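Worksheet: one structure, shown below.
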Amino acid sequence: MNKLKVFVVLCLISTFAYAGGYRVSTQSNKQLAMGHTGVAVVNSADILFFNPAGLVHLENKLSVSAGGFGVFSDVKYQNEDFGTFAETDSPAGTPVYLYATYKITEDFAAGIGVYTPYGSNVTWPTDWAGSHLVNEIELSAIFIQPTLSYQLFDSVSIGGGPILAIGGVEFNRNASRTLTDEQGNRSNIAIEDSGVTAWGWSAGLMFTPSDKFTLGFNYRSLIDIESEEGTATFSNFPNSSLTPDNGTTGFTATLPLPAEATLGISYKLSDKLLLAFDYNRAFWSEYNSLDIEFDNGIVSENPRNYKDSSTYRFGAQYQALDNLVVRAGYYFDESPVRSGYFAPETPRNDSNGYTFGLSYQISPKFAIDASVLYLRFKEITESYDFYFDTGSPVAAPFEGTYKSSALIAGLGLTYNM
Amino acid sequence: MKNNLRYIALLLAGVAIVGCEPEFDNPIEDADTYTSGEADFSKFVTVGNSLTAGFADGALYRSAQQNSFPAIIAGQMELAGGGEFNQPLMDDNLGGLLLNGVQILPNRFVLASDGAGTPVGPAVLNGTPTTETTEKVTISLNNFGVPGARVYHLPAPNYGDPAGVPAGTANPYFARFSSSNSATVIADAAAANGTFFTLWIGNNDILGYATSGGVGVDNNETMNVNPATQGSNSITNNNVFAGVYQQLVAAMTANGAKGALVNIPDVTSIPFFTTVPFAPLDPTDATFAAQIPALNAFYQDLNQAFVAFGFPERQVSFSMTAASPLVVRDETLVDITPQLTAALTPSFGPAAGAIAEQFGQIRPANSSDLITFTSAPIIGQLNQDNLTRLVNAGIPQQQAALLSANGLTFAMQDQNVLTQDEQDRVTAAQQAYNNVIQQLAADNGLAYVDARAALADVAAGGVGYNGGVLTSTYANGGAFSLDGVHPTGRGYAFTANVIIDAINAQYGSTLPRVDIGNYPSVQPSDDVQ
């Protein structure tokens, strides 16, 4: 129990960044090494996240899997027209996961999973060229998912469970491109909230027509993180009735953690080699606008207009030695951000992910899992076209060229009894 | 097992180092993205007046200096080989100046509100300034902009001697950083040994005359060519300008430096002259409307006299349905005080002369008159001096008060109005100066910056930028600070872009412009005196 507490604490302070929107696909070292496929891959307790229907297929009575990652990401911005440039200095993110499953009968299993599928941490230099849009953002969400799995027919299993999501946000931006106090300090608005809870669910189906072929489907529901108890801090505003007062106030805002559907297959080419393919569809179109209503009457409307986006994942694993499994994968991740809505708070475009990893069996019960993901982004010139100076009818697009990279490395431990 | 873990660690470390640094195809941080062409931006030195210093809102203050056009250009030059750029920064953001602990110059203006979300106008920011004239700036400087300097001040010895500040023979801003009490601005600037310079001087040589409503002398009419006796509120003689300006260019180019010469904008580009309309008397204002019958009744006799004496254009009447022009005194008009005295004597007896005196050279303002910004607060107000004068002449108090309303019965005086004749003098000198500047730019292979044309664009409908339109409308046009004369940070950024364009055109450099929407306009604050 103490260990669980430690994990929860770790998750709450953890920060991450990468991938389309603020989805962070790091829910298993084994599966990340295979391009984060897994809806039809039964390797370990990690299947609880990828497809609850797979729990019942685990061979061991008790399976536990835990791990974490270091996310090292960096974004550069430049605008050749004006000679401005900036680079993020985001702290390393540390997403983690823990799954435990227990086979109650041959065709009935239960488990619990704790994982962190959403997050973002982008830290630009304070007062940089885009500081009216964001100086710093930190989103985190931890999902806790009790799960049941049942073998419905010989070749069909189902599974699912409720999700308790606990979310937190910190966001800091300057009030406008130019407003300062009398001393010349940029006027700033910061919002903060933590421990926001919301409910959702996950459900899956697994079809195993033969020993070699598996087909899986998983759906995770939309979860709206509705922030109502947080505090907003207005600082460095001038002493004027023409501008907001300094001090703290409340705010309300809703951040959607969008639904996601995954359809995938795996095929055992031989006893040693397994191939997997997943198709993800993330329903980002839910994210229309980030509207923050402050209790002091100010409303900040920030159109996002995300679109649903797909990810195509390919993975392979190979039993190289009796005690060594090696894995590799690739995925193509479509950005949900439309042209003209490219805000520096989630400066991500389409990316190609290259993954590698291995599992090493230390003892009959314990295995170490390791994985590496290198995310490659193309350089992109884009703009956010929906910023207006106060009182100006003319939008002031924030344009520039972005180049991002992210490297994620993880270690995990698997226990089977 | 141990070895395997080591390999894993090595792999992770390796990829972490290689993979985590994104690189642009053309990173602008690299030296070769922007080029200096035939110019050398390694040491940038700027010389001039308040515009070069970054003066705004009636004061020189720190954040405005940081947005001075030289500082903005220096920032862009850094992308093409430019070095650091030091300015004689004030100690605070208030802008007032002390001399031996006593405040000699006021704090800056801010935009005050009524406390309920509506702006009411400029007010002086509250606070005690900390910048002391006698405390020398000791760092080596790049910006030699001296607020208030005229062309002939730059080579004038002792212009930076603190001892001369109280008497007005020296400039407190230059006294802060002059290399010695006898130093000249131009010699100090030349000694900085810049590889590139800007020179923008001459604005005050006409502006002092213009903002004082033309009360000073035009040294072109008096043909005074002595730089030492040009006087304040005057127009500097064209030959004085040409001679001194040539000397300044020679000093700055003696080491082979390249640079840009900036010309003199029109006074009609600035809100100081375009904010107060010539016909501001609005009958929808109930207080004014209530006075109209009495005013018109009073002018009835005078108007008959104007017509009788052959000056029907001087007749005054106030409309109940449209805005009426101010009554102004025009010293170029034939003075008909004696005739008016005779005409008014039947009604006013011995006091007629005192009344006639204030109407001898009046006329309604017309669209060619420029009313100064500083006149706005006195319009329609009681002129106490005139009231006293009339009462002393024996006019009853109530009648005297009626005859002492600024702009209605007591005409706006010479210092309130820049008439067409006065504007013509200013324009003639301005054109002569600009011809000199353009010629010297051409002769020396220097960039010529047509600030006049650029600011005329701002005044004529405005110039669009990313997020708005920059106009010369007072307070909310964005281009001009609350003193109505000097630019805002945004206006200076626009100016910097104009100069950058001219430098690039002359020298084949590729300095990028700045995004002027990122520079501040006027500062709101209710923390006012």
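Residue numbering restarts at 1 for every chain of the structure tokens, chains are lettered A, B, ... in their displayed order, and ligands are numbered from 1 as they appear.
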Cut-off 9 Å: closest chain B/chain A atom pairs per residue, using only C-alpha atoms, as JSON lines:
```
{"residue": "B:Met1", "atom": "CA", "partner": "A:Ile362", "partner_atom": "CA", "distance": 7.9}
{"residue": "B:Asn4", "atom": "CA", "partner": "A:Tyr360", "partner_atom": "CA", "distance": 8.8}
{"residue": "B:Ile8", "atom": "CA", "partner": "A:Ala370", "partner_atom": "CA", "distance": 7.8}
{"residue": "B:Leu11", "atom": "CA", "partner": "A:Val372", "partner_atom": "CA", "distance": 8.9}
{"residue": "B:Leu12", "atom": "CA", "partner": "A:Ala409", "partner_atom": "CA", "distance": 6.6}
{"residue": "B:Val15", "atom": "CA", "partner": "A:Leu407", "partner_atom": "CA", "distance": 7.6}
{"residue": "B:Ala16", "atom": "CA", "partner": "A:Leu407", "partner_atom": "CA", "distance": 6.4}
{"residue": "B:Gly19", "atom": "CA", "partner": "A:Leu407", "partner_atom": "CA", "distance": 6.3}
{"residue": "B:Cys20", "atom": "CA", "partner": "A:Ser405", "partner_atom": "CA", "distance": 5.8}
{"residue": "B:Glu21", "atom": "CA", "partner": "A:Asp74", "partner_atom": "CA", "distance": 6.7}
{"residue": "B:Pro22", "atom": "CA", "partner": "A:Ser405", "partner_atom": "CA", "distance": 5.5}
{"residue": "B:Glu23", "atom": "CA", "partner": "A:Lys403", "partner_atom": "CA", "distance": 6.8}
{"residue": "B:Phe24", "atom": "CA", "partner": "A:Lys403", "partner_atom": "CA", "distance": 6.4}
{"residue": "B:Asp25", "atom": "CA", "partner": "A:Glu379", "partner_atom": "CA", "distance": 7.8}
{"residue": "B:Pro27", "atom": "CA", "partner": "A:Gln78", "partner_atom": "CA", "distance": 7.8}
{"residue": "B:Ile28", "atom": "CA", "partner": "A:Gly83", "partner_atom": "CA", "distance": 6.8}
{"residue": "B:Glu29", "atom": "CA", "partner": "A:Phe85", "partner_atom": "CA", "distance": 7.6}
{"residue": "B:Thr33", "atom": "CA", "partner": "A:Glu80", "partner_atom": "CA", "distance": 8.7}
{"residue": "B:Tyr34", "atom": "CA", "partner": "A:Gly83", "partner_atom": "CA", "distance": 8.6}
{"residue": "B:Arg62", "atom": "CA", "partner": "A:Gly184", "partner_atom": "CA", "distance": 8.5}
{"residue": "B:Ser63", "atom": "CA", "partner": "A:Gly184", "partner_atom": "CA", "distance": 6.1}
{"residue": "B:Gln76", "atom": "CA", "partner": "A:Gly83", "partner_atom": "CA", "distance": 7.0}
{"residue": "B:Leu79", "atom": "CA", "partner": "A:Gly83", "partner_atom": "CA", "distance": 7.3}
{"residue": "B:Asp92", "atom": "CA", "partner": "A:Gln183", "partner_atom": "CA", "distance": 7.9}
{"residue": "B:Asn93", "atom": "CA", "partner": "A:Gln183", "partner_atom": "CA", "distance": 5.6}
{"residue": "B:Leu94", "atom": "CA", "partner": "A:Gln183", "partner_atom": "CA", "distance": 8.1}
{"residue": "B:Val110", "atom": "CA", "partner": "A:Glu182", "partner_atom": "CA", "distance": 8.8}
{"residue": "B:Leu111", "atom": "CA", "partner": "A:Ser240", "partner_atom": "CA", "distance": 8.8}
{"residue": "B:Ala112", "atom": "CA", "partner": "A:Ser240", "partner_atom": "CA", "distance": 7.3}
{"residue": "B:Ser113", "atom": "CA", "partner": "A:Ser241", "partner_atom": "CA", "distance": 6.4}
{"residue": "B:Asp114", "atom": "CA", "partner": "A:Ser241", "partner_atom": "CA", "distance": 7.6}
{"residue": "B:Gly115", "atom": "CA", "partner": "A:Ser241", "partner_atom": "CA", "distance": 5.1}
{"residue": "B:Ala116", "atom": "CA", "partner": "A:Ser241", "partner_atom": "CA", "distance": 5.7}
{"residue": "B:Gly117", "atom": "CA", "partner": "A:Leu242", "partner_atom": "CA", "distance": 4.7}
{"residue": "B:Thr118", "atom": "CA", "partner": "A:Leu242", "partner_atom": "CA", "distance": 6.7}
{"residue": "B:Pro119", "atom": "CA", "partner": "A:Leu242", "partner_atom": "CA", "distance": 7.1}
{"residue": "B:Leu125", "atom": "CA", "partner": "A:Glu182", "partner_atom": "CA", "distance": 8.6}
{"residue": "B:Tyr465", "atom": "CA", "partner": "A:Ala396", "partner_atom": "CA", "distance": 8.5}
{"residue": "B:Asn466", "atom": "CA", "partner": "A:Ala396", "partner_atom": "CA", "distance": 5.1}
{"residue": "B:Gly467", "atom": "CA", "partner": "A:Ala396", "partner_atom": "CA", "distance": 3.8}
{"residue": "B:Gly468", "atom": "CA", "partner": "A:Val394", "partner_atom": "CA", "distance": 5.4}
{"residue": "B:Val469", "atom": "CA", "partner": "A:Val394", "partner_atom": "CA", "distance": 8.4}
{"residue": "B:Leu511", "atom": "CA", "partner": "A:Gly83", "partner_atom": "CA", "distance": 8.4}
{"residue": "B:Pro512", "atom": "CA", "partner": "A:Phe82", "partner_atom": "CA", "distance": 5.2}
{"residue": "B:Arg513", "atom": "CA", "partner": "A:Phe82", "partner_atom": "CA", "distance": 5.3}
{"residue": "B:Val514", "atom": "CA", "partner": "A:Phe82", "partner_atom": "CA", "distance": 4.9}
{"residue": "B:Asp515", "atom": "CA", "partner": "A:Phe82", "partner_atom": "CA", "distance": 6.2}
{"residue": "B:Gly517", "atom": "CA", "partner": "A:Arg177", "partner_atom": "CA", "distance": 7.2}
{"residue": "B:Asn518", "atom": "CA", "partner": "A:Arg177", "partner_atom": "CA", "distance": 5.3}
{"residue": "B:Tyr519", "atom": "CA", "partner": "A:Thr178", "partner_atom": "CA", "distance": 5.9}
{"residue": "B:Pro520", "atom": "CA", "partner": "A:Thr178", "partner_atom": "CA", "distance": 4.9}
{"residue": "B:Ser521", "atom": "CA", "partner": "A:Thr178", "partner_atom": "CA", "distance": 7.6}
{"residue": "B:Gln523", "atom": "CA", "partner": "A:Glu182", "partner_atom": "CA", "distance": 7.4}
{"residue": "B:Pro524", "atom": "CA", "partner": "A:Ser240", "partner_atom": "CA", "distance": 6.1}
{"residue": "B:Ser525", "atom": "CA", "partner": "A:Ser240", "partner_atom": "CA", "distance": 4.5}
{"residue": "B:Asp526", "atom": "CA", "partner": "A:Ser240", "partner_atom": "CA", "distance": 4.8}
{"residue": "B:Asp527", "atom": "CA", "partner": "A:Asn239", "partner_atom": "CA", "distance": 6.2}
```
- Message: At a cut-off of 10 Å, using only C-alpha atoms, what residues contact Val217 (chain B)? Leave out same-chain residues fewer than 3 positions from it and give the result as a list in words.
- Response: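 So the residues in contact are Tyr209, Gly214, Asn220, Glu221, Thr222, Asn224, Gln230, Gly231, Ser232, Asn233, Ser234, Ile235 and Thr236 of chain B.
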- Message: For Ile516 (chain B), find every residue with an atom within 9 Å (counting only C-alpha atoms), except residues of its own chain fewer than 6 positions away, and show them as a ChimeraX atom specification.
- Response: /B:465-466,489-494,497
- Query: Residues at most 8 Å from region 339-354 of chain B, counting only C-alpha atoms, excluding those fewer than 2 positions away in the same chain, as a ChimeraX atom specification?
  - Reply: /B:302,305,309,336-337,356-360,389-390,393-395
- Message: Among region 404-462 of chain B, which residues does DSSP mark as helix (DSSP H, G or I) when it is run on the backbone? Keep the chain and numbering as in the structure and answer as a ChimeraX atom specification.
- Response: /B:414-416,420-444,451-459
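Residues surrounding Gln415 (chain B) within 7 Å are Ser212, Gly213, Gly214, Val215, Gln413 and Val417 of chain B [only C-alpha atoms; sequence separation below 2 positions excluded].
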Residue selection dump (C-alpha atoms) as a PDB file, in the first residue's frame:
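Everything below was put into out09.pdb:
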```
ATOM      1  CA  SER B 212       5.163  77.459 -28.995  1.00  0.00           C
ATOM      2  CA  GLY B 213       2.607  78.508 -31.592  1.00  0.00           C
ATOM      3  CA  GLY B 214       5.212  80.492 -33.461  1.00  0.00           C
ATOM      4  CA  VAL B 215       5.948  83.044 -30.758  1.00  0.00           C
ATOM      5  CA  GLN B 413      -3.331  83.822 -28.365  1.00  0.00           C
ATOM      6  CA  VAL B 417      -2.217  78.644 -32.608  1.00  0.00           C
TER       7      VAL B 417
END
```
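CA of Asn193 (chain B) lies 9.3 Å from CA of Ala254 (chain B).
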- Message: When DSSP is applied to the backbone of this structure, which of region 72-303 of chain A are assigned strand (DSSP E or B)? Write them out as a PyMOL selection string.
- Response: chain A and resi 72-79+84-87+93+96-105+108-123+136-151+156-174+180+186+188-207+213-220+223-227+231-235+247-257+260-268+273-282+289-294+299-303
- Query: Using only C-alpha atoms, which residues sit within 10 Å of Leu99 (chain B) once same-chain residues fewer than 2 positions away are excluded, as a list in words?
  - Reply: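 Listing them by chain and then by number gives Leu97, Gly101, Val102, Gln103, Ile104, Leu105, Thr131, Glu132, Thr133, Thr134, Glu135, Pro162, Ala163, Val165, Pro166 and Pro172 of chain B.
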Store the residues picked out above in a file with N, CA and C atoms, as an mmCIF file, in the first residue's frame.
```cif
data_model
loop_
_atom_site.group_PDB
_atom_site.id
_atom_site.type_symbol
_atom_site.label_atom_id
_atom_site.label_comp_id
_atom_site.auth_asym_id
_atom_site.auth_seq_id
_atom_site.Cartn_x
_atom_site.Cartn_y
_atom_site.Cartn_z
ATOM 1 N N LEU B 97 13.852 64.036 -13.373
ATOM 2 C CA LEU B 97 15.297 64.196 -13.229
ATOM 3 C C LEU B 97 15.573 65.144 -12.064
ATOM 4 N N GLY B 101 19.631 66.796 -6.021
ATOM 5 C CA GLY B 101 18.553 66.355 -5.149
ATOM 6 C C GLY B 101 17.224 67.057 -5.348
ATOM 7 N N VAL B 102 17.198 68.099 -6.177
ATOM 8 C CA VAL B 102 15.952 68.834 -6.413
ATOM 9 C C VAL B 102 15.414 68.456 -7.797
ATOM 10 N N GLN B 103 14.123 68.114 -7.856
ATOM 11 C CA GLN B 103 13.556 67.691 -9.137
ATOM 12 C C GLN B 103 13.482 68.877 -10.096
ATOM 13 N N ILE B 104 14.120 68.705 -11.275
ATOM 14 C CA ILE B 104 14.106 69.784 -12.268
ATOM 15 C C ILE B 104 13.266 69.442 -13.486
ATOM 16 N N LEU B 105 12.960 68.156 -13.674
ATOM 17 C CA LEU B 105 12.119 67.773 -14.806
ATOM 18 C C LEU B 105 11.046 66.811 -14.306
ATOM 19 N N THR B 131 16.875 59.623 -10.583
ATOM 20 C CA THR B 131 18.001 59.878 -11.476
ATOM 21 C C THR B 131 18.589 61.257 -11.179
ATOM 22 N N GLU B 132 19.864 61.271 -10.837
ATOM 23 C CA GLU B 132 20.542 62.500 -10.442
ATOM 24 C C GLU B 132 21.466 62.954 -11.580
ATOM 25 N N THR B 133 21.244 64.198 -12.002
ATOM 26 C CA THR B 133 22.007 64.737 -13.132
ATOM 27 C C THR B 133 23.510 64.671 -12.895
ATOM 28 N N THR B 134 23.908 64.910 -11.653
ATOM 29 C CA THR B 134 25.350 65.023 -11.396
ATOM 30 C C THR B 134 26.029 63.669 -11.216
ATOM 31 N N GLU B 135 25.226 62.575 -11.200
ATOM 32 C CA GLU B 135 25.850 61.246 -11.104
ATOM 33 C C GLU B 135 26.137 60.734 -12.498
ATOM 34 N N PRO B 162 27.214 70.315 -15.800
ATOM 35 C CA PRO B 162 26.102 70.410 -14.837
ATOM 36 C C PRO B 162 25.932 71.823 -14.274
ATOM 37 N N ALA B 163 27.042 72.552 -14.190
ATOM 38 C CA ALA B 163 26.963 73.908 -13.626
ATOM 39 C C ALA B 163 26.107 74.825 -14.491
ATOM 40 N N VAL B 165 23.362 73.912 -16.095
ATOM 41 C CA VAL B 165 21.970 73.447 -16.218
ATOM 42 C C VAL B 165 20.971 74.464 -15.661
ATOM 43 N N PRO B 166 21.199 74.996 -14.458
ATOM 44 C CA PRO B 166 20.199 75.941 -13.923
ATOM 45 C C PRO B 166 19.993 77.160 -14.821
ATOM 46 N N PRO B 172 20.722 68.921 -19.074
ATOM 47 C CA PRO B 172 20.891 67.959 -17.965
ATOM 48 C C PRO B 172 21.101 66.527 -18.443
#
```
List as a PDB file with all heavy atoms, in the first residue's frame the protein and nucleic acid residues near Thr101 (chain A), meaning an atom at most 7 Å away when only C-alpha atoms are counted, but skip any in the same chain fewer than 2 places from it.
```pdb
ATOM      1  N   ALA A  45       0.739  -8.001 -17.734  1.00  0.00           N
ATOM      2  CA  ALA A  45      -0.377  -7.256 -17.148  1.00  0.00           C
ATOM      3  C   ALA A  45      -0.626  -5.929 -17.856  1.00  0.00           C
ATOM      4  O   ALA A  45      -1.680  -5.307 -17.693  1.00  0.00           O
ATOM      5  CB  ALA A  45      -0.108  -7.004 -15.660  1.00  0.00           C
ATOM      6  N   LEU A  62      -1.010 -14.542 -10.957  1.00  0.00           N
ATOM      7  CA  LEU A  62      -0.837 -13.129 -10.602  1.00  0.00           C
ATOM      8  C   LEU A  62       0.216 -12.522 -11.515  1.00  0.00           C
ATOM      9  O   LEU A  62       1.310 -13.075 -11.671  1.00  0.00           O
ATOM     10  CB  LEU A  62      -0.392 -13.000  -9.131  1.00  0.00           C
ATOM     11  CG  LEU A  62      -0.041 -11.590  -8.663  1.00  0.00           C
ATOM     12  CD1 LEU A  62      -1.277 -10.718  -8.553  1.00  0.00           C
ATOM     13  CD2 LEU A  62       0.672 -11.643  -7.300  1.00  0.00           C
ATOM     14  N   SER A  63      -0.118 -11.419 -12.093  1.00  0.00           N
ATOM     15  CA  SER A  63       0.850 -10.704 -12.932  1.00  0.00           C
ATOM     16  C   SER A  63       0.906  -9.248 -12.466  1.00  0.00           C
ATOM     17  O   SER A  63      -0.140  -8.621 -12.283  1.00  0.00           O
ATOM     18  CB  SER A  63       0.441 -10.712 -14.406  1.00  0.00           C
ATOM     19  OG  SER A  63       0.642 -11.986 -14.963  1.00  0.00           O
ATOM     20  N   VAL A  64       2.120  -8.775 -12.293  1.00  0.00           N
ATOM     21  CA  VAL A  64       2.302  -7.374 -11.918  1.00  0.00           C
ATOM     22  C   VAL A  64       3.335  -6.778 -12.864  1.00  0.00           C
ATOM     23  O   VAL A  64       4.327  -7.411 -13.200  1.00  0.00           O
ATOM     24  CB  VAL A  64       2.776  -7.209 -10.465  1.00  0.00           C
ATOM     25  CG1 VAL A  64       2.929  -5.731 -10.113  1.00  0.00           C
ATOM     26  CG2 VAL A  64       1.810  -7.887  -9.514  1.00  0.00           C
ATOM     27  N   TYR A  99       0.354  -2.068 -13.268  1.00  0.00           N
ATOM     28  CA  TYR A  99      -0.804  -2.941 -13.531  1.00  0.00           C
ATOM     29  C   TYR A  99      -0.658  -4.206 -12.699  1.00  0.00           C
ATOM     30  O   TYR A  99       0.439  -4.756 -12.585  1.00  0.00           O
ATOM     31  CB  TYR A  99      -0.876  -3.338 -15.008  1.00  0.00           C
ATOM     32  CG  TYR A  99      -0.793  -2.166 -15.960  1.00  0.00           C
ATOM     33  CD1 TYR A  99       0.377  -1.905 -16.648  1.00  0.00           C
ATOM     34  CD2 TYR A  99      -1.889  -1.321 -16.151  1.00  0.00           C
ATOM     35  CE1 TYR A  99       0.468  -0.827 -17.518  1.00  0.00           C
ATOM     36  CE2 TYR A  99      -1.809  -0.243 -17.010  1.00  0.00           C
ATOM     37  CZ  TYR A  99      -0.621  -0.003 -17.692  1.00  0.00           C
ATOM     38  OH  TYR A  99      -0.540   1.070 -18.544  1.00  0.00           O
ATOM     39  N   LYS A 103      -5.957 -13.887 -11.863  1.00  0.00           N
ATOM     40  CA  LYS A 103      -6.869 -14.781 -12.565  1.00  0.00           C
ATOM     41  C   LYS A 103      -7.697 -15.534 -11.542  1.00  0.00           C
ATOM     42  O   LYS A 103      -7.189 -16.385 -10.797  1.00  0.00           O
ATOM     43  CB  LYS A 103      -6.045 -15.760 -13.402  1.00  0.00           C
ATOM     44  CG  LYS A 103      -6.763 -16.251 -14.612  1.00  0.00           C
ATOM     45  CD  LYS A 103      -5.766 -16.789 -15.632  1.00  0.00           C
ATOM     46  CE  LYS A 103      -6.505 -17.322 -16.848  1.00  0.00           C
ATOM     47  NZ  LYS A 103      -5.540 -17.787 -17.843  1.00  0.00           N
ATOM     48  N   ALA A 110      -9.448 -10.393 -12.899  1.00  0.00           N
ATOM     49  CA  ALA A 110      -9.663  -9.023 -12.417  1.00  0.00           C
ATOM     50  C   ALA A 110      -8.310  -8.332 -12.289  1.00  0.00           C
ATOM     51  O   ALA A 110      -7.270  -8.986 -12.195  1.00  0.00           O
ATOM     52  CB  ALA A 110     -10.369  -9.021 -11.073  1.00  0.00           C
ATOM     53  N   GLY A 111      -8.342  -7.011 -12.293  1.00  0.00           N
ATOM     54  CA  GLY A 111      -7.064  -6.298 -12.172  1.00  0.00           C
ATOM     55  C   GLY A 111      -7.283  -4.832 -11.876  1.00  0.00           C
ATOM     56  O   GLY A 111      -8.421  -4.340 -11.837  1.00  0.00           O
ATOM     57  N   ILE A 112      -6.192  -4.185 -11.634  1.00  0.00           N
ATOM     58  CA  ILE A 112      -6.256  -2.727 -11.459  1.00  0.00           C
ATOM     59  C   ILE A 112      -5.055  -2.107 -12.157  1.00  0.00           C
ATOM     60  O   ILE A 112      -3.957  -2.659 -12.158  1.00  0.00           O
ATOM     61  CB  ILE A 112      -6.323  -2.332  -9.966  1.00  0.00           C
ATOM     62  CG1 ILE A 112      -6.551  -0.818  -9.833  1.00  0.00           C
ATOM     63  CG2 ILE A 112      -5.043  -2.730  -9.214  1.00  0.00           C
ATOM     64  CD1 ILE A 112      -7.150  -0.412  -8.510  1.00  0.00           C
TER      65      ILE A 112
END
```
- Task: Please indicate the distance in Å from CA of Val458 (chain B) to CA of Asn263 (chain B), rounded to one decimal place.
- Result: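 Taking CA of Val458 (chain B) as the start and CA of Asn263 (chain B) as the end point, the length is 15.8 Å.
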- Note on the structure: One residue among B:Asp30, B:Glu84, B:Asp57, B:Asp443 is nearest to Phe44 (chain B) when using only C-alpha atoms, and that residue is B:Glu84
- Note on the structure: Residue with the minimum atom-to-atom distance to Gly54 (chain B), picked from B:Ala187, B:Ala71, B:Leu382, B:Leu295 with only C-alpha atoms counted, is B:Ala71
